[in-house]
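A.B. asks: Contents of run07.csv (CSV, C-alpha atoms):
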chain,number,residue,atom,x,y,z
A,1,MET,CA,25.0,47.0,-10.3
A,2,SER,CA,28.1,46.7,-12.5
A,3,ASP,CA,29.3,49.8,-14.5
A,4,ASN,CA,30.1,47.5,-17.4
A,5,GLU,CA,26.9,47.3,-19.5
A,6,ASP,CA,28.3,44.2,-21.3
A,7,ASP,CA,28.4,42.1,-18.1
A,8,ILE,CA,26.1,39.2,-18.1
A,9,PRO,CA,23.2,40.0,-15.7
A,10,VAL,CA,22.7,37.8,-12.6
A,11,LEU,CA,19.8,35.4,-13.0
A,12,VAL,CA,17.2,35.7,-10.3
A,13,PRO,CA,15.5,32.3,-9.4
A,14,LEU,CA,11.7,32.2,-9.6
A,15,THR,CA,10.4,32.4,-6.1
A,16,PRO,CA,7.0,31.3,-4.9
A,17,GLU,CA,6.0,34.9,-4.8
A,18,ALA,CA,6.7,35.3,-8.5
A,19,GLN,CA,4.7,32.3,-9.5
A,20,LYS,CA,1.3,32.7,-11.2
A,21,VAL,CA,-1.8,32.5,-9.0
A,22,PRO,CA,-4.6,30.3,-10.3
A,23,VAL,CA,-8.2,31.7,-10.4
A,24,THR,CA,-11.3,29.5,-10.2
A,25,VAL,CA,-14.6,31.0,-11.2
A,26,ILE,CA,-17.5,29.7,-9.1
A,27,THR,CA,-20.9,30.1,-10.6
A,28,GLY,CA,-24.4,28.5,-10.1
A,29,TYR,CA,-28.1,29.3,-10.3
A,30,LEU,CA,-29.8,31.2,-7.4
A,31,GLY,CA,-30.0,29.0,-4.3
A,32,ALA,CA,-27.7,26.2,-5.6
A,33,GLY,CA,-25.3,26.5,-2.7
A,34,LYS,CA,-22.4,28.8,-3.9
A,35,THR,CA,-22.4,30.7,-0.6
A,36,THR,CA,-22.6,27.5,1.4
A,37,LEU,CA,-19.6,26.2,-0.5
A,38,LEU,CA,-17.6,29.4,0.1
A,39,ASN,CA,-18.6,29.4,3.8
A,40,TYR,CA,-17.2,25.9,4.0
A,41,ILE,CA,-14.0,26.9,2.3
A,42,LEU,CA,-13.6,30.0,4.6
A,43,THR,CA,-14.2,28.1,7.8
A,44,GLU,CA,-12.7,24.7,7.3
A,45,GLN,CA,-9.1,23.9,8.3
A,46,HIS,CA,-7.9,22.8,4.9
A,47,GLY,CA,-4.4,24.2,5.1
A,48,LYS,CA,-4.7,26.2,1.9
A,49,ARG,CA,-4.2,30.0,1.6
A,50,ILE,CA,-7.2,31.0,-0.5
A,51,ALA,CA,-8.5,34.4,-1.4
A,52,VAL,CA,-12.3,34.5,-1.9
A,53,ILE,CA,-13.8,37.4,-3.9
A,54,LEU,CA,-17.6,37.9,-4.0
A,55,ASN,CA,-18.4,40.0,-7.0
A,56,GLU,CA,-21.5,40.8,-8.9
A,57,PHE,CA,-19.7,41.8,-12.2
A,58,GLY,CA,-22.2,44.2,-13.6
A,59,GLU,CA,-26.0,44.1,-13.4
A,60,GLY,CA,-27.4,41.0,-11.7
A,61,ASP,CA,-30.3,40.0,-9.5
A,62,SER,CA,-30.7,42.1,-6.4
A,63,ILE,CA,-31.2,39.0,-4.3
A,64,GLU,CA,-27.5,38.2,-4.4
A,65,LYS,CA,-26.0,41.7,-4.6
A,66,SER,CA,-23.3,42.3,-2.0
A,67,MET,CA,-23.9,38.8,-0.6
A,68,SER,CA,-21.7,38.4,2.5
A,69,VAL,CA,-20.0,35.3,3.9
A,70,GLY,CA,-18.3,34.5,7.2
A,71,GLU,CA,-19.1,32.6,10.4
A,72,LYS,CA,-21.6,35.3,11.4
A,73,GLY,CA,-22.5,36.6,8.0
A,74,GLU,CA,-20.6,39.8,8.3
A,75,LEU,CA,-20.0,42.0,5.3
A,76,PHE,CA,-16.4,42.5,4.3
A,77,GLU,CA,-15.8,45.8,2.6
A,78,GLU,CA,-12.0,45.5,2.9
A,79,TRP,CA,-9.8,42.5,2.7
A,80,LEU,CA,-10.0,40.4,5.9
A,81,GLU,CA,-7.6,37.6,6.7
A,82,LEU,CA,-9.3,34.7,8.5
A,83,ARG,CA,-7.9,32.3,11.0
A,84,ASN,CA,-7.5,29.4,8.5
A,85,GLY,CA,-5.4,31.5,6.2
A,86,CYS,CA,-8.1,32.6,3.8
A,87,LEU,CA,-8.7,36.1,2.6
A,88,CYS,CA,-12.2,37.4,2.0
A,89,CYS,CA,-13.7,40.4,0.4
A,90,SER,CA,-17.0,41.7,-1.0
A,91,VAL,CA,-16.3,43.7,-4.1
A,92,LYS,CA,-18.7,46.2,-5.7
A,93,ASP,CA,-16.4,47.7,-8.3
A,94,ASN,CA,-15.0,46.3,-11.5
A,95,GLY,CA,-13.7,42.7,-11.2
A,96,VAL,CA,-10.4,43.4,-12.9
A,97,LYS,CA,-9.7,46.2,-10.4
A,98,ALA,CA,-10.5,43.8,-7.6
A,99,ILE,CA,-7.9,41.3,-8.8
A,100,GLU,CA,-5.3,44.1,-9.3
A,101,ASP,CA,-5.8,45.2,-5.7
A,102,LEU,CA,-5.6,41.6,-4.5
A,103,MET,CA,-2.3,41.0,-6.3
A,104,LYS,CA,-0.8,43.6,-4.1
A,105,LYS,CA,-1.2,41.1,-1.3
A,106,LYS,CA,0.8,38.5,-3.3
A,107,GLY,CA,2.6,36.1,-1.1
A,108,LYS,CA,-0.2,35.9,1.5
A,109,PHE,CA,-2.3,33.5,-0.6
A,110,ASP,CA,-1.8,30.9,-3.3
A,111,TYR,CA,-5.3,30.6,-4.8
A,112,ILE,CA,-8.2,32.9,-5.8
A,113,LEU,CA,-11.8,31.9,-5.9
A,114,LEU,CA,-14.2,34.3,-7.6
A,115,GLU,CA,-17.9,33.9,-7.1
A,116,THR,CA,-20.4,35.3,-9.6
A,117,THR,CA,-24.1,36.1,-9.0
A,118,GLY,CA,-26.7,33.4,-9.7
A,119,LEU,CA,-27.8,35.1,-12.9
A,120,ALA,CA,-24.3,35.7,-14.4
A,121,ASP,CA,-23.0,34.1,-17.5
A,122,PRO,CA,-19.5,32.9,-16.5
A,123,GLY,CA,-18.2,33.1,-20.1
A,124,PRO,CA,-17.3,36.8,-20.3
A,125,ILE,CA,-15.9,36.7,-16.7
A,126,ALA,CA,-13.7,33.7,-17.5
A,127,SER,CA,-12.5,35.4,-20.6
A,128,ILE,CA,-11.1,38.3,-18.6
A,129,PHE,CA,-8.7,36.0,-16.8
A,130,TRP,CA,-8.0,33.5,-19.6
A,131,LEU,CA,-6.5,35.8,-22.2
A,132,ASP,CA,-6.2,39.2,-20.6
A,133,GLU,CA,-2.6,40.4,-21.4
A,134,GLU,CA,-2.4,42.8,-18.4
A,135,LEU,CA,-3.2,40.2,-15.9
A,136,CYS,CA,-1.7,37.0,-17.4
A,137,SER,CA,1.7,37.7,-15.9
A,138,ASP,CA,0.3,37.3,-12.4
A,139,ILE,CA,-2.7,34.9,-12.6
A,140,TYR,CA,-4.2,32.3,-14.9
A,141,LEU,CA,-7.7,30.8,-15.2
A,142,ASP,CA,-7.7,27.4,-13.6
A,143,GLY,CA,-11.3,26.4,-14.3
A,144,ILE,CA,-15.0,27.1,-14.0
A,145,VAL,CA,-16.9,25.4,-11.2
A,146,THR,CA,-20.7,25.3,-11.4
A,147,VAL,CA,-22.9,24.5,-8.4
A,148,VAL,CA,-26.4,23.1,-9.2
A,149,ASP,CA,-29.3,22.4,-7.0
A,150,ALA,CA,-30.1,18.6,-7.2
A,151,LYS,CA,-33.8,19.1,-6.4
A,152,PHE,CA,-34.6,22.0,-8.8
A,153,CYS,CA,-31.9,21.9,-11.5
A,154,SER,CA,-33.9,19.8,-13.9
A,155,GLN,CA,-36.7,22.4,-13.8
A,156,GLN,CA,-34.3,25.3,-14.0
A,157,MET,CA,-32.7,23.9,-17.1
A,158,ILE,CA,-35.9,23.7,-19.1
A,159,GLU,CA,-37.1,27.2,-18.2
A,160,ARG,CA,-36.7,29.6,-21.1
A,161,LYS,CA,-37.4,33.2,-21.7
A,162,SER,CA,-38.3,32.4,-25.3
A,163,GLU,CA,-38.0,29.6,-27.8
A,164,GLU,CA,-34.8,31.0,-29.2
A,165,CYS,CA,-33.2,31.8,-25.8
A,166,THR,CA,-31.4,29.5,-23.4
A,167,ASN,CA,-31.5,30.2,-19.7
A,168,GLU,CA,-28.7,31.1,-17.4
A,169,CYS,CA,-28.7,27.6,-15.7
A,170,GLN,CA,-27.9,25.9,-19.0
A,171,ARG,CA,-25.2,28.3,-19.9
A,172,GLN,CA,-23.5,27.9,-16.5
A,173,ILE,CA,-23.5,24.1,-16.9
A,174,ALA,CA,-22.3,24.4,-20.5
A,175,LEU,CA,-19.3,26.4,-19.5
A,176,ALA,CA,-18.3,24.4,-16.5
A,177,ASP,CA,-15.1,22.3,-16.1
A,178,VAL,CA,-16.4,20.9,-12.8
A,179,ILE,CA,-20.1,20.6,-11.9
A,180,ILE,CA,-21.1,20.1,-8.2
A,181,ILE,CA,-24.5,18.5,-7.9
A,182,ASN,CA,-25.4,19.8,-4.4
A,183,LYS,CA,-28.2,18.9,-2.0
A,184,THR,CA,-28.3,15.2,-3.2
A,185,ASP,CA,-29.7,14.3,0.2
A,186,LEU,CA,-33.0,15.9,-0.9
A,187,ILE,CA,-33.6,13.5,-3.9
A,188,GLN,CA,-33.8,9.8,-4.6
A,189,LYS,CA,-31.1,7.9,-6.4
A,190,GLU,CA,-33.2,7.5,-9.5
A,191,GLU,CA,-33.7,11.3,-9.6
A,192,CYS,CA,-30.0,11.8,-9.3
A,193,ASP,CA,-29.2,9.4,-12.1
A,194,SER,CA,-31.7,11.2,-14.3
A,195,LEU,CA,-30.2,14.6,-13.5
A,196,ARG,CA,-26.7,13.3,-14.3
A,197,GLU,CA,-27.9,12.2,-17.7
A,198,LEU,CA,-29.6,15.6,-18.3
A,199,ILE,CA,-26.5,17.5,-17.3
A,200,ARG,CA,-24.3,15.2,-19.5
A,201,SER,CA,-26.6,16.0,-22.5
A,202,VAL,CA,-25.6,19.7,-22.1
A,203,ASN,CA,-22.0,19.3,-21.0
A,204,GLY,CA,-20.3,16.0,-22.0
A,205,PHE,CA,-16.8,16.5,-20.6
A,206,ALA,CA,-17.2,18.3,-17.2
A,207,LYS,CA,-16.2,16.4,-14.0
A,208,LEU,CA,-19.4,15.7,-11.9
A,209,ILE,CA,-19.3,15.7,-8.1
A,210,GLU,CA,-22.3,14.8,-6.0
A,211,THR,CA,-22.5,16.2,-2.5
A,212,SER,CA,-24.8,17.7,0.2
A,213,HIS,CA,-24.2,20.9,2.1
A,214,ALA,CA,-21.6,21.8,-0.5
A,215,LYS,CA,-18.9,19.8,1.4
A,216,VAL,CA,-16.3,18.8,-1.2
A,217,ASP,CA,-12.7,17.8,-1.2
A,218,LEU,CA,-11.0,20.9,-2.4
A,219,ASP,CA,-8.6,18.8,-4.5
A,220,GLU,CA,-11.6,17.9,-6.6
A,221,ILE,CA,-12.2,21.5,-7.7
A,222,LEU,CA,-8.8,23.2,-7.4
A,223,ASP,CA,-5.6,22.9,-9.5
A,224,LYS,CA,-7.5,21.6,-12.5
A,225,ASN,CA,-5.6,23.7,-15.1
A,226,ALA,CA,-8.5,23.1,-17.4
A,227,TYR,CA,-7.2,25.7,-19.9
A,228,GLY,CA,-3.6,24.6,-20.0
A,229,GLY,CA,-3.7,21.1,-21.4
A,230,VAL,CA,-1.9,19.8,-18.4
A,231,GLY,CA,-2.9,19.0,-14.8
A,232,THR,CA,-5.7,16.9,-13.6
A,233,ILE,CA,-8.1,17.7,-16.4
A,234,ARG,CA,-6.0,17.0,-19.5
A,235,LEU,CA,-7.6,17.2,-23.0
A,236,GLU,CA,-5.4,14.3,-24.1
A,237,ASP,CA,-7.0,12.2,-21.3
A,238,ILE,CA,-10.5,13.2,-22.4
A,239,PHE,CA,-9.9,12.0,-25.9
A,240,THR,CA,-7.8,8.9,-25.1
A,241,ASP,CA,-10.9,6.8,-25.8
A,242,ARG,CA,-11.4,7.3,-29.6
A,243,GLY,CA,-15.0,6.2,-29.1
A,244,TYR,CA,-15.8,9.0,-26.7
A,245,ASN,CA,-19.1,10.5,-27.7
A,246,PRO,CA,-21.2,12.2,-25.0
A,247,GLU,CA,-24.4,12.6,-27.0
A,248,ASN,CA,-26.7,9.6,-27.2
A,249,LYS,CA,-27.9,10.5,-30.6
A,250,HIS,CA,-27.5,13.1,-33.3
A,251,ARG,CA,-30.0,15.9,-32.8
A,252,ILE,CA,-30.6,19.6,-33.5
A,253,ASP,CA,-32.1,21.3,-30.5
A,254,LYS,CA,-32.9,24.9,-29.5
A,255,GLY,CA,-31.3,24.1,-26.1
A,256,ILE,CA,-27.6,23.7,-25.4
A,257,ILE,CA,-26.1,20.3,-26.2
A,258,THR,CA,-22.7,18.6,-26.6
A,259,VAL,CA,-21.5,17.3,-29.9
A,260,THR,CA,-18.2,15.5,-30.6
A,261,VAL,CA,-16.7,15.3,-34.1
A,262,GLN,CA,-13.6,13.3,-35.2
A,263,ALA,CA,-11.4,12.9,-38.2
A,264,ASP,CA,-8.2,11.1,-38.8
A,265,GLY,CA,-5.1,12.7,-40.4
A,266,ASP,CA,-3.3,16.1,-40.3
A,267,LEU,CA,-4.4,19.6,-41.1
A,268,LEU,CA,-2.9,23.0,-41.5
A,269,LYS,CA,-3.0,25.4,-38.6
A,270,ALA,CA,-4.0,28.3,-40.9
A,271,ASP,CA,-7.0,26.2,-42.1
A,272,LEU,CA,-8.0,25.5,-38.6
A,273,ASP,CA,-7.8,29.2,-37.6
A,274,GLU,CA,-10.0,30.1,-40.6
A,275,PHE,CA,-12.6,27.5,-39.6
A,276,LEU,CA,-12.7,28.7,-36.0
A,277,GLN,CA,-12.9,32.3,-37.1
A,278,ASN,CA,-15.8,31.6,-39.4
A,279,LEU,CA,-17.5,29.6,-36.7
A,280,LEU,CA,-16.9,31.9,-33.7
A,281,TRP,CA,-16.3,35.3,-35.1
A,282,GLU,CA,-18.2,35.6,-38.4
A,283,LYS,CA,-20.8,33.1,-37.3
A,284,SER,CA,-21.2,32.1,-40.9
A,285,ILE,CA,-21.6,28.3,-40.4
A,286,LYS,CA,-25.3,27.2,-40.4
A,287,ASN,CA,-27.0,24.0,-39.4
A,288,SER,CA,-29.2,21.9,-41.8
A,289,GLU,CA,-32.2,24.1,-40.8
A,290,GLY,CA,-30.3,27.3,-41.8
A,291,LYS,CA,-29.8,28.5,-38.3
A,292,THR,CA,-26.5,29.9,-37.1
A,293,ILE,CA,-24.4,27.4,-35.1
A,294,GLN,CA,-23.7,29.1,-31.7
A,295,VAL,CA,-20.7,27.8,-29.7
A,296,LEU,CA,-20.4,28.5,-26.0
A,297,ARG,CA,-17.4,26.2,-25.3
A,298,LEU,CA,-15.1,24.2,-27.4
A,299,LYS,CA,-12.3,21.8,-26.5
A,300,GLY,CA,-10.2,19.7,-28.9
A,301,VAL,CA,-7.0,17.8,-29.7
A,302,VAL,CA,-5.8,18.4,-33.2
A,303,SER,CA,-2.9,17.0,-35.4
A,304,ILE,CA,-1.1,19.7,-37.3
A,305,GLN,CA,0.8,18.8,-40.4
A,306,GLY,CA,4.6,19.0,-39.8
A,307,SER,CA,4.4,18.9,-36.0
A,308,ASP,CA,5.1,15.9,-33.8
A,309,LYS,CA,3.0,17.4,-30.9
A,310,ARG,CA,-0.7,17.5,-30.3
A,311,LEU,CA,-2.3,20.9,-30.6
A,312,VAL,CA,-4.9,21.6,-27.9
A,313,VAL,CA,-7.6,24.0,-28.9
A,314,GLN,CA,-10.1,25.8,-26.6
A,315,ALA,CA,-12.7,28.4,-27.0
A,316,VAL,CA,-15.1,30.3,-24.8
A,317,HIS,CA,-17.7,32.3,-26.7
A,318,GLU,CA,-15.8,34.2,-29.4
A,319,LEU,CA,-12.3,33.8,-27.8
A,320,TYR,CA,-10.1,30.9,-28.8
A,321,ASP,CA,-6.6,29.8,-28.1
A,322,SER,CA,-4.3,26.9,-29.0
A,323,GLN,CA,-1.1,25.5,-27.7
A,324,TYR,CA,1.2,22.5,-28.4
A,325,THR,CA,1.4,19.9,-25.6
A,326,THR,CA,2.5,16.3,-25.5
A,327,ALA,CA,4.1,14.5,-28.5
A,328,TRP,CA,2.3,11.9,-30.5
A,329,ARG,CA,3.5,8.3,-29.8
A,330,HIS,CA,5.6,6.8,-32.6
A,331,ASP,CA,3.0,4.1,-33.3
A,332,GLU,CA,-0.1,6.3,-32.7
A,333,PRO,CA,-2.3,7.3,-35.6
A,334,HIS,CA,-2.8,11.0,-35.8
A,335,PHE,CA,-6.4,12.1,-35.3
A,336,ASN,CA,-8.5,15.2,-34.6
A,337,SER,CA,-11.3,15.3,-32.0
A,338,ILE,CA,-13.3,18.4,-31.0
A,339,VAL,CA,-16.1,18.7,-28.5
A,340,PHE,CA,-18.6,21.5,-29.2
A,341,ILE,CA,-21.0,22.8,-26.6
A,342,GLY,CA,-23.6,25.2,-27.8
A,343,GLN,CA,-26.9,25.9,-29.5
A,344,ASN,CA,-28.2,24.8,-33.0
A,345,LEU,CA,-25.3,22.4,-33.2
A,346,ASP,CA,-25.3,20.0,-36.2
A,347,LYS,CA,-23.0,17.0,-35.9
A,348,ASN,CA,-23.0,16.2,-39.6
A,349,ILE,CA,-22.1,19.7,-40.7
A,350,LEU,CA,-19.4,20.2,-38.1
A,351,GLU,CA,-17.9,16.8,-38.8
A,352,THR,CA,-17.9,17.6,-42.5
A,353,CYS,CA,-16.1,20.8,-41.8
A,354,LEU,CA,-13.4,19.0,-39.8
A,355,LYS,CA,-13.0,16.3,-42.4
A,356,ASN,CA,-12.7,18.9,-45.2
A,357,LEU,CA,-9.7,20.4,-43.3
A,358,VAL,CA,-8.0,17.1,-43.4
A,359,THR,CA,-8.8,16.2,-47.0
A,360,LYS,CA,-7.4,19.5,-48.2
A,361,GLN,CA,-3.9,18.2,-47.2
A,362,LEU,CA,-4.3,14.8,-48.9
In structure tokens, what does this structure look like?

C.D. replies:
Amino acid sequence: MSDNEDDIPVLVPLTPEAQKVPVTVITGYLGAGKTTLLNYILTEQHGKRIAVILNEFGEGDSIEKSMSVGEKGELFEEWLELRNGCLCCSVKDNGVKAIEDLMKKKGKFDYILLETTGLADPGPIASIFWLDEELCSDIYLDGIVTVVDAKFCSQQMIERKSEECTNECQRQIALADVIIINKTDLIQKEECDSLRELIRSVNGFAKLIETSHAKVDLDEILDKNAYGGVGTIRLEDIFTDRGYNPENKHRIDKGIITVTVQADGDLLKADLDEFLQNLLWEKSIKNSEGKTIQVLRLKGVVSIQGSDKRLVVQAVHELYDSQYTTAWRHDEPHFNSIVFIGQNLDKNILETCLKNLVTKQL
């Protein structure tokens, strides 16, 4: 080190060890095939260095507590490096602590898969890795992958604890960026088509993959960068077709559905923030029946007044974030398009809210 404090410091190039490690949360209802998927990843020669964490994250169903994976079903209490380059561990303590311990092994892997229990809501878990300031320097949330049982998913989606309560299966599907319809060999094509339509009614933008025995091309579920606005799941691509509208008809339902609203023109960032805070934090926006609109997931592309770039907006439960991405084309009309996934959604009211944000600037 130079004795002269005024000397310009030497820049250190960013090495692979210093790059952020992506985290994919894998969730799914009991028996959907999560463990089969992880066994496949841990035993196949895919050439990827993947760390797999099995974690119950709080209270869950005892059936899946401390679930073990491996060729012989052995339980890994400590990190174990497998022959194909994967790392595996069964974690019983806090999930953030598990990730912090894992990061000490940085350089031995380039991807983290985190499995939840079958009765877990992936939203709070994903939020830890999406906007956690202490971890964001080392890792980032790449996406949520939900595995569903092709034979029993339809039944699981309609089961409710009460009329006002959605079940875990619907919530897992609602929050997914990629949905793996597993065990398709157990149903007929007509049943599979019907299931796809049912899943689409809950989540209109997730990528759907059909498979049996959870054998998937890892490129289909990894490196999605679903929260970054770039990568293989880009929000700009989702909204390229201005006619995109996943719901077949406008409806208000006690279950979880997808609703898309659109409006042309520009709006102010401050007005957008106020709307999102009223919707997500204050929960002050009601539907036509007077019920609180509850948003589980939100994705959108917005045009901000005075900016030549698109603003990508995302939300999981009460957390939301936005970032500027690609520039608008010179001849392209500015528009705003937001997809809401949640309960008690009202397309007319949400669209009116968005249009009011635009007209305030006219």

A.B. asks: Which residues are close to Ser337 (chain A), i.e. within 7 Å by only C-alpha atoms, leaving aside same-chain residues fewer than 2 positions away? Reply as a PDB file with C-alpha atoms, keeping the file's coordinate frame.

C.D. replies:
ATOM      1  CA  VAL A 261     -16.700  15.300 -34.100  1.00  0.00           C
ATOM      2  CA  GLN A 262     -13.600  13.300 -35.200  1.00  0.00           C
ATOM      3  CA  ALA A 263     -11.400  12.900 -38.200  1.00  0.00           C
ATOM      4  CA  GLY A 300     -10.200  19.700 -28.900  1.00  0.00           C
ATOM      5  CA  VAL A 301      -7.000  17.800 -29.700  1.00  0.00           C
ATOM      6  CA  VAL A 302      -5.800  18.400 -33.200  1.00  0.00           C
ATOM      7  CA  PHE A 335      -6.400  12.100 -35.300  1.00  0.00           C
ATOM      8  CA  VAL A 339     -16.100  18.700 -28.500  1.00  0.00           C
TER       9      VAL A 339
END

A.B. asks: Enumerate, as a VMD selection string, the protein, DNA and RNA residues whose atoms approach (-27.5, 24.3, -28.9) to within 8 Å, taking into account all atoms listed in the file and the coordinate frame of the file.

C.D. replies: chain A and resid 252 to 258 293 to 295 341 to 345

A.B. asks: So which one's closest to Ser212 (chain A), A:Val25, A:Ala32, A:Ile125, A:Met157? Using all atoms listed in the file, please.

C.D. replies: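 Between A:Val25, A:Ala32, A:Ile125, A:Met157, the residue approaching Ser212 (chain A) most closely is A:Ala32.
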
A.B. asks: Suppose you want the space between CA of Gly33 (chain A) and CA of Ile139 (chain A); what is it in Å?

C.D. replies: 26.1 Å

A.B. asks: What separation in Å, quoted to one decimal, exists between CA of Arg297 (chain A) and CA of Ala315 (chain A)?

C.D. replies: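 So the answer is 5.5 Å.
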
A.B. asks: Scan for residues within 8 Å of the point (7.2, 16.2, -31.0) in the coordinates of the file, using only C-alpha atoms, and reply as a PDB file with C-alpha atoms, keeping the file's coordinate frame.

C.D. replies:
ATOM      1  CA  SER A 307       4.400  18.900 -36.000  1.00  0.00           C
ATOM      2  CA  ASP A 308       5.100  15.900 -33.800  1.00  0.00           C
ATOM      3  CA  LYS A 309       3.000  17.400 -30.900  1.00  0.00           C
ATOM      4  CA  THR A 326       2.500  16.300 -25.500  1.00  0.00           C
ATOM      5  CA  ALA A 327       4.100  14.500 -28.500  1.00  0.00           C
ATOM      6  CA  TRP A 328       2.300  11.900 -30.500  1.00  0.00           C
TER       7      TRP A 328
END

A.B. asks: Which residue is closest to Asn278 (chain A)? Choose from A:Leu195, A:Cys353, A:Leu38, A:Cys153 and count only C-alpha atoms.

C.D. replies: A:Cys353

A.B. asks: If I take CA of Leu319 (chain A) and CA of Asp266 (chain A), how far is one from the other in Å, to one decimal?

C.D. replies: 23.5 Å

A.B. asks: Neighbouring residues of Ala176 (chain A) were defined as those with any atom within 6 Å, considering all atoms listed in the file; residues of the same chain fewer than 5 positions away were excluded. Please report them as a list in words.

C.D. replies: Ile144, Val145 and Thr146 of chain A
